[in-house]
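Content type PDB, C-alpha atoms, pLDDT in the B column, from the file start21.pdb:
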MODEL        1
ATOM      1  CA  MET A   1      -7.216  14.478  -3.083  1.00 95.00           C
ATOM      2  CA  ILE A   2      -3.585  15.069  -4.037  1.00 97.00           C
ATOM      3  CA  ARG A   3      -2.106  17.779  -1.821  1.00 97.00           C
ATOM      4  CA  VAL A   4       0.208  20.040  -3.843  1.00 98.00           C
ATOM      5  CA  ALA A   5       2.503  22.928  -2.933  1.00 97.00           C
ATOM      6  CA  VAL A   6       4.239  25.299  -5.362  1.00 97.00           C
ATOM      7  CA  VAL A   7       7.534  26.954  -4.431  1.00 97.00           C
ATOM      8  CA  ASP A   8       8.735  29.760  -6.692  1.00 94.00           C
ATOM      9  CA  ASP A   9      10.141  33.225  -6.098  1.00 91.00           C
ATOM     10  CA  GLU A  10       7.837  34.742  -8.745  1.00 91.00           C
ATOM     11  CA  ARG A  11       4.330  35.426  -7.490  1.00 92.00           C
ATOM     12  CA  LEU A  12       2.903  35.357 -11.032  1.00 92.00           C
ATOM     13  CA  VAL A  13       4.296  31.876 -11.634  1.00 92.00           C
ATOM     14  CA  ARG A  14       2.788  30.644  -8.371  1.00 94.00           C
ATOM     15  CA  SER A  15      -0.581  32.187  -9.197  1.00 93.00           C
ATOM     16  CA  GLY A  16      -0.567  30.676 -12.670  1.00 93.00           C
ATOM     17  CA  LEU A  17       0.228  27.187 -11.431  1.00 94.00           C
ATOM     18  CA  ARG A  18      -2.340  27.481  -8.644  1.00 93.00           C
ATOM     19  CA  MET A  19      -4.989  28.447 -11.201  1.00 93.00           C
ATOM     20  CA  ILE A  20      -4.066  25.577 -13.561  1.00 94.00           C
ATOM     21  CA  LEU A  21      -3.860  22.847 -10.938  1.00 94.00           C
ATOM     22  CA  GLY A  22      -6.875  24.139  -9.048  1.00 91.00           C
ATOM     23  CA  THR A  23      -9.109  23.163 -11.969  1.00 92.00           C
ATOM     24  CA  ALA A  24      -8.385  19.447 -11.467  1.00 95.00           C
ATOM     25  CA  PRO A  25     -11.043  17.766  -9.296  1.00 95.00           C
ATOM     26  CA  ASP A  26      -8.524  15.470  -7.601  1.00 97.00           C
ATOM     27  CA  ILE A  27      -5.867  18.106  -6.785  1.00 97.00           C
ATOM     28  CA  GLU A  28      -5.861  20.427  -3.778  1.00 97.00           C
ATOM     29  CA  MET A  29      -3.457  23.363  -3.737  1.00 96.00           C
ATOM     30  CA  VAL A  30      -2.431  23.537  -0.094  1.00 97.00           C
ATOM     31  CA  ALA A  31       0.349  26.149  -0.311  1.00 96.00           C
ATOM     32  CA  ASP A  32       2.404  28.419  -2.532  1.00 95.00           C
ATOM     33  CA  CYS A  33       5.423  30.356  -1.313  1.00 95.00           C
ATOM     34  CA  GLY A  34       8.962  31.538  -1.987  1.00 93.00           C
ATOM     35  CA  GLY A  35      12.149  29.694  -1.098  1.00 91.00           C
ATOM     36  CA  ALA A  36      12.824  31.240   2.315  1.00 92.00           C
ATOM     37  CA  GLU A  37       9.717  29.784   3.953  1.00 94.00           C
ATOM     38  CA  ALA A  38       9.424  26.734   1.684  1.00 95.00           C
ATOM     39  CA  VAL A  39      10.558  23.872   3.925  1.00 96.00           C
ATOM     40  CA  GLU A  40       8.506  24.933   6.949  1.00 96.00           C
ATOM     41  CA  THR A  41       5.441  25.668   4.825  1.00 96.00           C
ATOM     42  CA  VAL A  42       5.540  22.438   2.811  1.00 96.00           C
ATOM     43  CA  LEU A  43       6.036  20.204   5.828  1.00 95.00           C
ATOM     44  CA  ARG A  44       3.390  22.021   7.869  1.00 96.00           C
ATOM     45  CA  CYS A  45       0.709  21.711   5.192  1.00 96.00           C
ATOM     46  CA  GLY A  46       1.481  18.050   4.490  1.00 96.00           C
ATOM     47  CA  ALA A  47       1.975  18.398   0.748  1.00 97.00           C
ATOM     48  CA  GLU A  48       2.385  15.103  -1.105  1.00 97.00           C
ATOM     49  CA  VAL A  49       3.735  16.721  -4.277  1.00 97.00           C
ATOM     50  CA  VAL A  50       5.896  19.832  -4.528  1.00 97.00           C
ATOM     51  CA  LEU A  51       6.647  21.813  -7.685  1.00 97.00           C
ATOM     52  CA  LEU A  52       9.892  23.587  -6.838  1.00 96.00           C
ATOM     53  CA  ASP A  53      11.720  26.317  -8.739  1.00 93.00           C
ATOM     54  CA  ILE A  54      15.271  25.151  -9.322  1.00 88.00           C
ATOM     55  CA  ARG A  55      16.745  28.665  -9.055  1.00 86.00           C
ATOM     56  CA  MET A  56      15.621  31.235  -6.488  1.00 88.00           C
ATOM     57  CA  PRO A  57      17.439  34.296  -5.119  1.00 86.00           C
ATOM     58  CA  ASP A  58      16.799  33.830  -1.395  1.00 83.00           C
ATOM     59  CA  VAL A  59      17.113  30.074  -0.808  1.00 89.00           C
ATOM     60  CA  ASP A  60      17.941  28.074  -3.922  1.00 88.00           C
ATOM     61  CA  GLY A  61      15.863  25.107  -5.030  1.00 92.00           C
ATOM     62  CA  LEU A  62      18.614  22.562  -4.444  1.00 92.00           C
ATOM     63  CA  THR A  63      18.830  23.549  -0.780  1.00 94.00           C
ATOM     64  CA  VAL A  64      15.064  23.299  -0.375  1.00 95.00           C
ATOM     65  CA  LEU A  65      15.051  19.930  -2.158  1.00 96.00           C
ATOM     66  CA  ARG A  66      17.799  18.569   0.073  1.00 94.00           C
ATOM     67  CA  ARG A  67      15.944  19.611   3.236  1.00 95.00           C
ATOM     68  CA  LEU A  68      12.618  18.240   2.056  1.00 96.00           C
ATOM     69  CA  ARG A  69      14.147  14.896   1.094  1.00 92.00           C
ATOM     70  CA  ALA A  70      15.622  14.639   4.599  1.00 93.00           C
ATOM     71  CA  ALA A  71      12.145  14.779   6.190  1.00 94.00           C
ATOM     72  CA  PRO A  72      10.751  11.576   7.756  1.00 92.00           C
ATOM     73  CA  GLU A  73       8.004  11.384   5.114  1.00 91.00           C
ATOM     74  CA  PRO A  74       9.325  13.467   2.210  1.00 93.00           C
ATOM     75  CA  PRO A  75       7.021  14.635  -0.573  1.00 96.00           C
ATOM     76  CA  ALA A  76       7.664  13.883  -4.223  1.00 95.00           C
ATOM     77  CA  VAL A  77       9.457  16.908  -5.658  1.00 96.00           C
ATOM     78  CA  ALA A  78       9.551  17.963  -9.310  1.00 94.00           C
ATOM     79  CA  MET A  79      11.866  20.804 -10.231  1.00 92.00           C
ATOM     80  CA  LEU A  80      10.485  23.720 -12.231  1.00 90.00           C
ATOM     81  CA  THR A  81      13.171  24.828 -14.653  1.00 82.00           C
ATOM     82  CA  THR A  82      13.964  26.787 -17.811  1.00 73.00           C
ATOM     83  CA  PHE A  83      16.124  25.926 -20.788  1.00 56.00           C
ATOM     84  CA  ASP A  84      19.124  27.798 -19.342  1.00 54.00           C
ATOM     85  CA  ALA A  85      19.381  25.890 -16.041  1.00 60.00           C
ATOM     86  CA  GLN A  86      21.210  22.798 -17.300  1.00 63.00           C
ATOM     87  CA  GLU A  87      24.018  23.064 -14.744  1.00 67.00           C
ATOM     88  CA  TYR A  88      21.510  22.474 -11.930  1.00 76.00           C
ATOM     89  CA  LEU A  89      19.785  19.406 -13.360  1.00 77.00           C
ATOM     90  CA  THR A  90      22.251  16.659 -12.503  1.00 75.00           C
ATOM     91  CA  ALA A  91      22.682  18.064  -8.992  1.00 80.00           C
ATOM     92  CA  ALA A  92      18.904  18.010  -8.466  1.00 85.00           C
ATOM     93  CA  LEU A  93      18.743  14.458  -9.755  1.00 80.00           C
ATOM     94  CA  ARG A  94      21.364  13.357  -7.255  1.00 80.00           C
ATOM     95  CA  GLU A  95      19.477  15.092  -4.438  1.00 85.00           C
ATOM     96  CA  GLY A  96      16.386  13.006  -5.137  1.00 86.00           C
ATOM     97  CA  ALA A  97      14.265  15.061  -7.532  1.00 89.00           C
ATOM     98  CA  ALA A  98      11.409  12.954  -8.910  1.00 89.00           C
ATOM     99  CA  GLY A  99      11.071  14.976 -12.087  1.00 86.00           C
ATOM    100  CA  PHE A 100      11.777  18.052 -14.153  1.00 87.00           C
ATOM    101  CA  LEU A 101       9.149  20.301 -15.703  1.00 88.00           C
ATOM    102  CA  LEU A 102       9.449  23.461 -17.766  1.00 84.00           C
ATOM    103  CA  LYS A 103       7.654  26.455 -16.294  1.00 84.00           C
ATOM    104  CA  ASP A 104       5.715  26.911 -19.520  1.00 83.00           C
ATOM    105  CA  SER A 105       4.547  23.287 -19.701  1.00 85.00           C
ATOM    106  CA  ASP A 106       1.121  22.640 -21.139  1.00 88.00           C
ATOM    107  CA  PRO A 107      -1.603  22.787 -18.429  1.00 91.00           C
ATOM    108  CA  GLU A 108      -2.775  19.251 -19.133  1.00 90.00           C
ATOM    109  CA  GLN A 109       0.813  18.031 -18.897  1.00 88.00           C
ATOM    110  CA  LEU A 110       1.196  19.655 -15.478  1.00 92.00           C
ATOM    111  CA  VAL A 111      -1.926  17.975 -14.168  1.00 94.00           C
ATOM    112  CA  ARG A 112      -0.807  14.595 -15.516  1.00 91.00           C
ATOM    113  CA  ALA A 113       2.633  15.125 -13.995  1.00 92.00           C
ATOM    114  CA  VAL A 114       1.198  15.801 -10.528  1.00 95.00           C
ATOM    115  CA  ARG A 115      -0.894  12.635 -10.718  1.00 94.00           C
ATOM    116  CA  THR A 116       2.128  10.609 -11.817  1.00 90.00           C
ATOM    117  CA  LEU A 117       4.258  11.998  -9.001  1.00 92.00           C
ATOM    118  CA  ALA A 118       1.546  11.292  -6.430  1.00 93.00           C
ATOM    119  CA  ALA A 119       1.419   7.680  -7.658  1.00 88.00           C
ATOM    120  CA  GLY A 120       5.152   7.274  -7.103  1.00 86.00           C
ATOM    121  CA  GLY A 121       6.202   7.845 -10.704  1.00 85.00           C
ATOM    122  CA  SER A 122       8.742  10.187 -12.253  1.00 82.00           C
ATOM    123  CA  VAL A 123       8.289  12.898 -14.863  1.00 84.00           C
ATOM    124  CA  LEU A 124      10.619  14.396 -17.456  1.00 78.00           C
ATOM    125  CA  ASP A 125       9.502  17.226 -19.691  1.00 77.00           C
ATOM    126  CA  PRO A 126      10.676  16.510 -23.263  1.00 66.00           C
ATOM    127  CA  GLY A 127      12.253  19.946 -23.288  1.00 67.00           C
ATOM    128  CA  VAL A 128      14.760  19.038 -20.563  1.00 66.00           C
ATOM    129  CA  THR A 129      15.098  15.284 -21.027  1.00 61.00           C
ATOM    130  CA  ARG A 130      18.223  15.402 -23.181  1.00 60.00           C
ATOM    131  CA  ALA A 131      19.953  17.804 -20.782  1.00 61.00           C
ATOM    132  CA  VAL A 132      19.152  15.576 -17.797  1.00 64.00           C
ATOM    133  CA  ILE A 133      20.367  12.441 -19.574  1.00 61.00           C
ATOM    134  CA  GLY A 134      23.476  14.163 -20.860  1.00 61.00           C
ATOM    135  CA  GLY A 135      24.466  15.320 -17.395  1.00 62.00           C
ATOM    136  CA  TYR A 136      23.769  11.957 -15.835  1.00 61.00           C
ATOM    137  CA  LEU A 137      25.687  10.037 -18.509  1.00 57.00           C
ATOM    138  CA  THR A 138      28.838  11.924 -17.579  1.00 56.00           C
ATOM    139  CA  ALA A 139      28.541  10.924 -13.918  1.00 54.00           C
ATOM    140  CA  GLU A 140      31.118   8.492 -12.541  1.00 47.00           C
ATOM    141  CA  ASP A 141      28.546   5.913 -11.516  1.00 53.00           C
ATOM    142  CA  GLN A 142      26.788   5.726 -14.909  1.00 58.00           C
ATOM    143  CA  ALA A 143      28.923   2.911 -16.307  1.00 65.00           C
ATOM    144  CA  ALA A 144      28.481   0.808 -13.177  1.00 64.00           C
ATOM    145  CA  ALA A 145      24.702   1.397 -13.156  1.00 63.00           C
ATOM    146  CA  THR A 146      24.391   0.429 -16.823  1.00 69.00           C
ATOM    147  CA  ARG A 147      26.402  -2.761 -16.346  1.00 75.00           C
ATOM    148  CA  ALA A 148      24.194  -3.677 -13.403  1.00 74.00           C
ATOM    149  CA  VAL A 149      21.151  -3.999 -15.700  1.00 86.00           C
ATOM    150  CA  SER A 150      22.514  -7.344 -16.855  1.00 86.00           C
ATOM    151  CA  GLY A 151      22.264  -8.572 -13.263  1.00 88.00           C
ATOM    152  CA  LEU A 152      18.522  -7.981 -12.966  1.00 93.00           C
ATOM    153  CA  THR A 153      16.022 -10.828 -13.052  1.00 93.00           C
ATOM    154  CA  PRO A 154      13.610 -10.929 -16.031  1.00 93.00           C
ATOM    155  CA  ARG A 155      10.798  -9.631 -13.810  1.00 95.00           C
ATOM    156  CA  GLU A 156      12.986  -6.818 -12.451  1.00 95.00           C
ATOM    157  CA  SER A 157      13.901  -5.885 -16.026  1.00 93.00           C
ATOM    158  CA  GLN A 158      10.201  -5.679 -16.887  1.00 94.00           C
ATOM    159  CA  VAL A 159       9.589  -3.406 -13.924  1.00 95.00           C
ATOM    160  CA  LEU A 160      12.596  -1.263 -14.857  1.00 93.00           C
ATOM    161  CA  ALA A 161      11.275  -0.890 -18.403  1.00 91.00           C
ATOM    162  CA  LEU A 162       7.969   0.407 -17.043  1.00 92.00           C
ATOM    163  CA  LEU A 163       9.825   2.753 -14.713  1.00 88.00           C
ATOM    164  CA  GLY A 164      11.456   4.023 -17.885  1.00 83.00           C
ATOM    165  CA  GLU A 165       8.003   4.962 -19.140  1.00 83.00           C
ATOM    166  CA  GLY A 166       7.509   7.042 -15.989  1.00 79.00           C
ATOM    167  CA  LEU A 167       4.887   4.788 -14.418  1.00 85.00           C
ATOM    168  CA  GLY A 168       4.174   4.657 -10.695  1.00 83.00           C
ATOM    169  CA  ASN A 169       3.934   1.456  -8.665  1.00 88.00           C
ATOM    170  CA  ALA A 170       0.155   1.195  -8.982  1.00 87.00           C
ATOM    171  CA  GLN A 171       0.317   1.656 -12.756  1.00 88.00           C
ATOM    172  CA  ILE A 172       3.079  -0.943 -13.059  1.00 92.00           C
ATOM    173  CA  ALA A 173       1.027  -3.350 -10.960  1.00 94.00           C
ATOM    174  CA  ASP A 174      -1.970  -2.901 -13.273  1.00 94.00           C
ATOM    175  CA  ARG A 175       0.173  -3.344 -16.386  1.00 94.00           C
ATOM    176  CA  MET A 176       1.851  -6.523 -15.121  1.00 95.00           C
ATOM    177  CA  GLY A 177      -1.065  -8.029 -13.210  1.00 95.00           C
ATOM    178  CA  LEU A 178       0.828  -7.960  -9.915  1.00 95.00           C
ATOM    179  CA  ALA A 179       0.019  -6.758  -6.420  1.00 94.00           C
ATOM    180  CA  PRO A 180       1.319  -3.230  -5.679  1.00 91.00           C
ATOM    181  CA  SER A 181       3.286  -4.638  -2.745  1.00 92.00           C
ATOM    182  CA  THR A 182       5.052  -7.064  -5.080  1.00 95.00           C
ATOM    183  CA  VAL A 183       5.944  -4.250  -7.456  1.00 94.00           C
ATOM    184  CA  LYS A 184       7.242  -2.206  -4.539  1.00 91.00           C
ATOM    185  CA  ASP A 185       9.527  -5.100  -3.578  1.00 94.00           C
ATOM    186  CA  HIS A 186      10.799  -5.429  -7.161  1.00 94.00           C
ATOM    187  CA  VAL A 187      11.469  -1.690  -7.393  1.00 93.00           C
ATOM    188  CA  ARG A 188      13.363  -1.695  -4.108  1.00 91.00           C
ATOM    189  CA  ALA A 189      15.453  -4.653  -5.249  1.00 92.00           C
ATOM    190  CA  LEU A 190      16.331  -3.305  -8.680  1.00 93.00           C
ATOM    191  CA  LEU A 191      17.192   0.165  -7.387  1.00 89.00           C
ATOM    192  CA  GLY A 192      19.585  -1.486  -4.968  1.00 87.00           C
ATOM    193  CA  LYS A 193      21.158  -3.594  -7.715  1.00 86.00           C
ATOM    194  CA  LEU A 194      21.620  -0.473  -9.837  1.00 84.00           C
ATOM    195  CA  GLY A 195      23.704   1.139  -7.120  1.00 77.00           C
ATOM    196  CA  GLY A 196      21.119   2.655  -4.808  1.00 77.00           C
ATOM    197  CA  ILE A 197      19.868   5.143  -7.399  1.00 77.00           C
ATOM    198  CA  ASN A 198      16.407   6.715  -7.378  1.00 79.00           C
ATOM    199  CA  ARG A 199      13.435   6.149  -9.671  1.00 83.00           C
ATOM    200  CA  ILE A 200      14.161   8.869 -12.172  1.00 79.00           C
ATOM    201  CA  GLN A 201      17.792   7.768 -12.470  1.00 80.00           C
ATOM    202  CA  ALA A 202      16.520   4.238 -13.023  1.00 84.00           C
ATOM    203  CA  ALA A 203      14.217   5.517 -15.775  1.00 81.00           C
ATOM    204  CA  ILE A 204      17.225   7.052 -17.513  1.00 79.00           C
ATOM    205  CA  VAL A 205      19.216   3.834 -17.191  1.00 83.00           C
ATOM    206  CA  ALA A 206      16.264   1.883 -18.619  1.00 84.00           C
ATOM    207  CA  ASP A 207      16.180   4.147 -21.635  1.00 77.00           C
ATOM    208  CA  ARG A 208      19.924   3.981 -22.215  1.00 77.00           C
ATOM    209  CA  ALA A 209      19.843   0.178 -21.901  1.00 79.00           C
ATOM    210  CA  GLY A 210      17.187  -0.019 -24.609  1.00 79.00           C
ATOM    211  CA  LEU A 211      14.488  -1.369 -22.308  1.00 83.00           C
ATOM    212  CA  VAL A 212      11.843   1.292 -22.959  1.00 77.00           C
ATOM    213  CA  ALA A 213       9.091   0.027 -25.256  1.00 65.00           C
ATOM    214  CA  GLY A 214       8.974   1.432 -28.750  1.00 52.00           C
ATOM    215  CA  ASP A 215      12.597   2.522 -28.878  1.00 45.00           C
ATOM    216  CA  PRO A 216      15.067  -0.351 -29.220  1.00 37.00           C
ATOM    217  CA  ARG A 217      18.037   1.973 -29.104  1.00 33.00           C
ATOM    218  CA  GLY A 218      16.918   3.711 -25.910  1.00 35.00           C
ATOM    219  CA  ALA A 219      17.010   7.125 -27.608  1.00 33.00           C
ATOM    220  CA  TRP A 220      14.717   9.893 -26.432  1.00 33.00           C
TER     221      TRP A 220
ENDMDL
END
With the file now loaded, output its structure as structure tokens.
Amino acid sequence: MIRVAVVDDERLVRSGLRMILGTAPDIEMVADCGGAEAVETVLRCGAEVVLLDIRMPDVDGLTVLRRLRAAPEPPAVAMLTTFDAQEYLTAALREGAAGFLLKDSDPEQLVRAVRTLAAGGSVLDPGVTRAVIGGYLTAEDQAAATRAVSGLTPRESQVLALLGEGLGNAQIADRMGLAPSTVKDHVRALLGKLGGINRIQAAIVADRAGLVAGDPRGAW
């Protein structure tokens, strides 16, 4: 079972997400709470995946994300956002967010996203993808990260391309016919070569470098 926690200041949002995710046979909702008690609650219940509101009035989502990512065994965290929260997206990416989802995402999309996050993948809702990429492309380290793609081995480039599709390590292993441990080693190596970025940043770089299948220009 995938242990999931939802952190949002709106009780109705939490109830709605709990109801949606609770219908999946492989997902267990272990907690839902507001920002003030989020870190303690999430770590106590052992959530593997956290859906976290990016803006909350008591303790903001970026603060919660930062504290969760500092834990010895941090959960995968996807930020719940709206169309008017663009200024927060790049900051969340830099703090280690594994994805971005709109609060009104389709129920099936939410379930798929949780499964992807639990498998070590990253998720980007189409509604916020362009905003995330736009903010990241203006970052100082973007040019250096893009140039570093040319320094990857052919196998690392293959793995990066699949990261660009949002796949987790197990899915990449199945696609390439490799052991999950081998994929893990490749991911660790390529993230280091790209400047110590995280998986979702690597997915963006893969897209911009034209590595993502089906889109030779790397356009979303």
Calculated over all atoms listed in the file, which of the candidates A:Val49, A:Ala5, A:Val123, A:Ala97 has the smallest distance to A:Cys33? A:Ala5
Can you list, as number ranges by chain, the residues that the PyMOL selection byres ((chain A and resi 98) around 7) selects here? A: 76-78, 96-97, 99, 122-123, 200
Can you tell me, as a PyMOL selection string, what residues are no more than 12 Å from A:Leu62 when counting all atoms listed in the file, ignoring any on the same chain fewer than 4 positions away? chain A and resi 7+35+38-39+52-58+66-69+77-81+87-97
Take the PyMOL selection byres ((chain A and resi 203) around 9), run it mentally on this structure, and tell me the resulting residues as a VMD selection string. chain A and resid 122 160 to 166 198 to 202 204 to 208 212
Keeping only C-alpha atoms, write the selected residues to a file as a PDB file, in the coordinates of the input.
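Writing done, so here's result.pdb:
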ATOM      1  CA  SER A 122       8.742  10.187 -12.253  1.00 82.00           C
ATOM      2  CA  LEU A 160      12.596  -1.263 -14.857  1.00 93.00           C
ATOM      3  CA  ALA A 161      11.275  -0.890 -18.403  1.00 91.00           C
ATOM      4  CA  LEU A 162       7.969   0.407 -17.043  1.00 92.00           C
ATOM      5  CA  LEU A 163       9.825   2.753 -14.713  1.00 88.00           C
ATOM      6  CA  GLY A 164      11.456   4.023 -17.885  1.00 83.00           C
ATOM      7  CA  GLU A 165       8.003   4.962 -19.140  1.00 83.00           C
ATOM      8  CA  GLY A 166       7.509   7.042 -15.989  1.00 79.00           C
ATOM      9  CA  ASN A 198      16.407   6.715  -7.378  1.00 79.00           C
ATOM     10  CA  ARG A 199      13.435   6.149  -9.671  1.00 83.00           C
ATOM     11  CA  ILE A 200      14.161   8.869 -12.172  1.00 79.00           C
ATOM     12  CA  GLN A 201      17.792   7.768 -12.470  1.00 80.00           C
ATOM     13  CA  ALA A 202      16.520   4.238 -13.023  1.00 84.00           C
ATOM     14  CA  ILE A 204      17.225   7.052 -17.513  1.00 79.00           C
ATOM     15  CA  VAL A 205      19.216   3.834 -17.191  1.00 83.00           C
ATOM     16  CA  ALA A 206      16.264   1.883 -18.619  1.00 84.00           C
ATOM     17  CA  ASP A 207      16.180   4.147 -21.635  1.00 77.00           C
ATOM     18  CA  ARG A 208      19.924   3.981 -22.215  1.00 77.00           C
ATOM     19  CA  VAL A 212      11.843   1.292 -22.959  1.00 77.00           C
TER      20      VAL A 212
END
Since I can't run it myself right now, could you work out what the PyMOL selection byres ((chain A and resi 22-25) around 12) selects here and report it as number ranges by chain? A: 1-6, 14-21, 26-31, 107-112, 114-115
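Atom pair atom CA of A:Leu152 / atom CA of A:Leu178 has a distance of 18.0 Å (rounded to one decimal).
The space separating atom CA of A:Glu48 from atom CA of A:Lys193 comes to 27.3 Å.
Here the question is which of A:Gly196, A:Gly61, A:Gly120, A:Gly210 gets nearest to A:Val183 using all atoms listed in the file, and that residue is A:Gly120.
Interatomic distance, atom CA of A:Leu167 to atom CA of A:Ala189: 16.9 Å.
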Given the point (4.6, 19.1, -24.0) in the file's coordinates, find the residues that have an atom at most 7 Å from it, counting all atoms listed in the file, and give them as an MDAnalysis selection string. chainID A and resid 105:106 109 125:126
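Using all atoms listed in the file, the smallest distance between any of A:Met176, A:Leu194, A:Asp8, A:Leu43 and A:Pro72 comes from A:Leu43.
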Expected file content for stretch 199-213 of chain A, N, CA and C atoms, as a PDB file, in the first residue's frame:
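Generated output (decode-v5.pdb):
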ATOM      1  N   ARG A 199      15.201  15.139  -9.779  1.00  0.00           N
ATOM      2  CA  ARG A 199      14.599  14.404 -10.891  1.00  0.00           C
ATOM      3  C   ARG A 199      13.688  15.271 -11.748  1.00  0.00           C
ATOM      4  N   ILE A 200      12.906  16.108 -11.125  1.00  0.00           N
ATOM      5  CA  ILE A 200      11.974  16.902 -11.916  1.00  0.00           C
ATOM      6  C   ILE A 200      12.718  17.978 -12.711  1.00  0.00           C
ATOM      7  N   GLN A 201      13.791  18.515 -12.151  1.00  0.00           N
ATOM      8  CA  GLN A 201      14.630  19.444 -12.901  1.00  0.00           C
ATOM      9  C   GLN A 201      15.272  18.722 -14.083  1.00  0.00           C
ATOM     10  N   ALA A 202      15.701  17.488 -13.848  1.00  0.00           N
ATOM     11  CA  ALA A 202      16.292  16.699 -14.925  1.00  0.00           C
ATOM     12  C   ALA A 202      15.273  16.435 -16.031  1.00  0.00           C
ATOM     13  N   ALA A 203      14.019  16.202 -15.647  1.00  0.00           N
ATOM     14  CA  ALA A 203      12.969  15.981 -16.647  1.00  0.00           C
ATOM     15  C   ALA A 203      12.791  17.218 -17.520  1.00  0.00           C
ATOM     16  N   ILE A 204      12.882  18.391 -16.909  1.00  0.00           N
ATOM     17  CA  ILE A 204      12.766  19.633 -17.672  1.00  0.00           C
ATOM     18  C   ILE A 204      13.947  19.797 -18.621  1.00  0.00           C
ATOM     19  N   VAL A 205      15.143  19.507 -18.127  1.00  0.00           N
ATOM     20  CA  VAL A 205      16.334  19.601 -18.973  1.00  0.00           C
ATOM     21  C   VAL A 205      16.223  18.626 -20.147  1.00  0.00           C
ATOM     22  N   ALA A 206      15.729  17.417 -19.886  1.00  0.00           N
ATOM     23  CA  ALA A 206      15.567  16.431 -20.952  1.00  0.00           C
ATOM     24  C   ALA A 206      14.648  16.951 -22.044  1.00  0.00           C
ATOM     25  N   ASP A 207      13.565  17.575 -21.625  1.00  0.00           N
ATOM     26  CA  ASP A 207      12.623  18.124 -22.593  1.00  0.00           C
ATOM     27  C   ASP A 207      13.255  19.251 -23.403  1.00  0.00           C
ATOM     28  N   ARG A 208      13.924  20.161 -22.729  1.00  0.00           N
ATOM     29  CA  ARG A 208      14.540  21.293 -23.410  1.00  0.00           C
ATOM     30  C   ARG A 208      15.656  20.846 -24.358  1.00  0.00           C
ATOM     31  N   ALA A 209      16.319  19.735 -24.022  1.00  0.00           N
ATOM     32  CA  ALA A 209      17.406  19.230 -24.860  1.00  0.00           C
ATOM     33  C   ALA A 209      16.892  18.392 -26.020  1.00  0.00           C
ATOM     34  N   GLY A 210      15.571  18.217 -26.102  1.00  0.00           N
ATOM     35  CA  GLY A 210      14.990  17.458 -27.194  1.00  0.00           C
ATOM     36  C   GLY A 210      15.118  15.960 -27.050  1.00  0.00           C
ATOM     37  N   LEU A 211      15.272  15.476 -25.819  1.00  0.00           N
ATOM     38  CA  LEU A 211      15.459  14.045 -25.603  1.00  0.00           C
ATOM     39  C   LEU A 211      14.157  13.279 -25.413  1.00  0.00           C
ATOM     40  N   VAL A 212      13.075  13.993 -25.124  1.00  0.00           N
ATOM     41  CA  VAL A 212      11.806  13.314 -24.810  1.00  0.00           C
ATOM     42  C   VAL A 212      11.182  12.771 -26.097  1.00  0.00           C
ATOM     43  N   ALA A 213      10.823  11.511 -26.073  1.00  0.00           N
ATOM     44  CA  ALA A 213      10.289  10.836 -27.261  1.00  0.00           C
ATOM     45  C   ALA A 213       9.040  11.521 -27.774  1.00  0.00           C
TER      46      ALA A 213
END
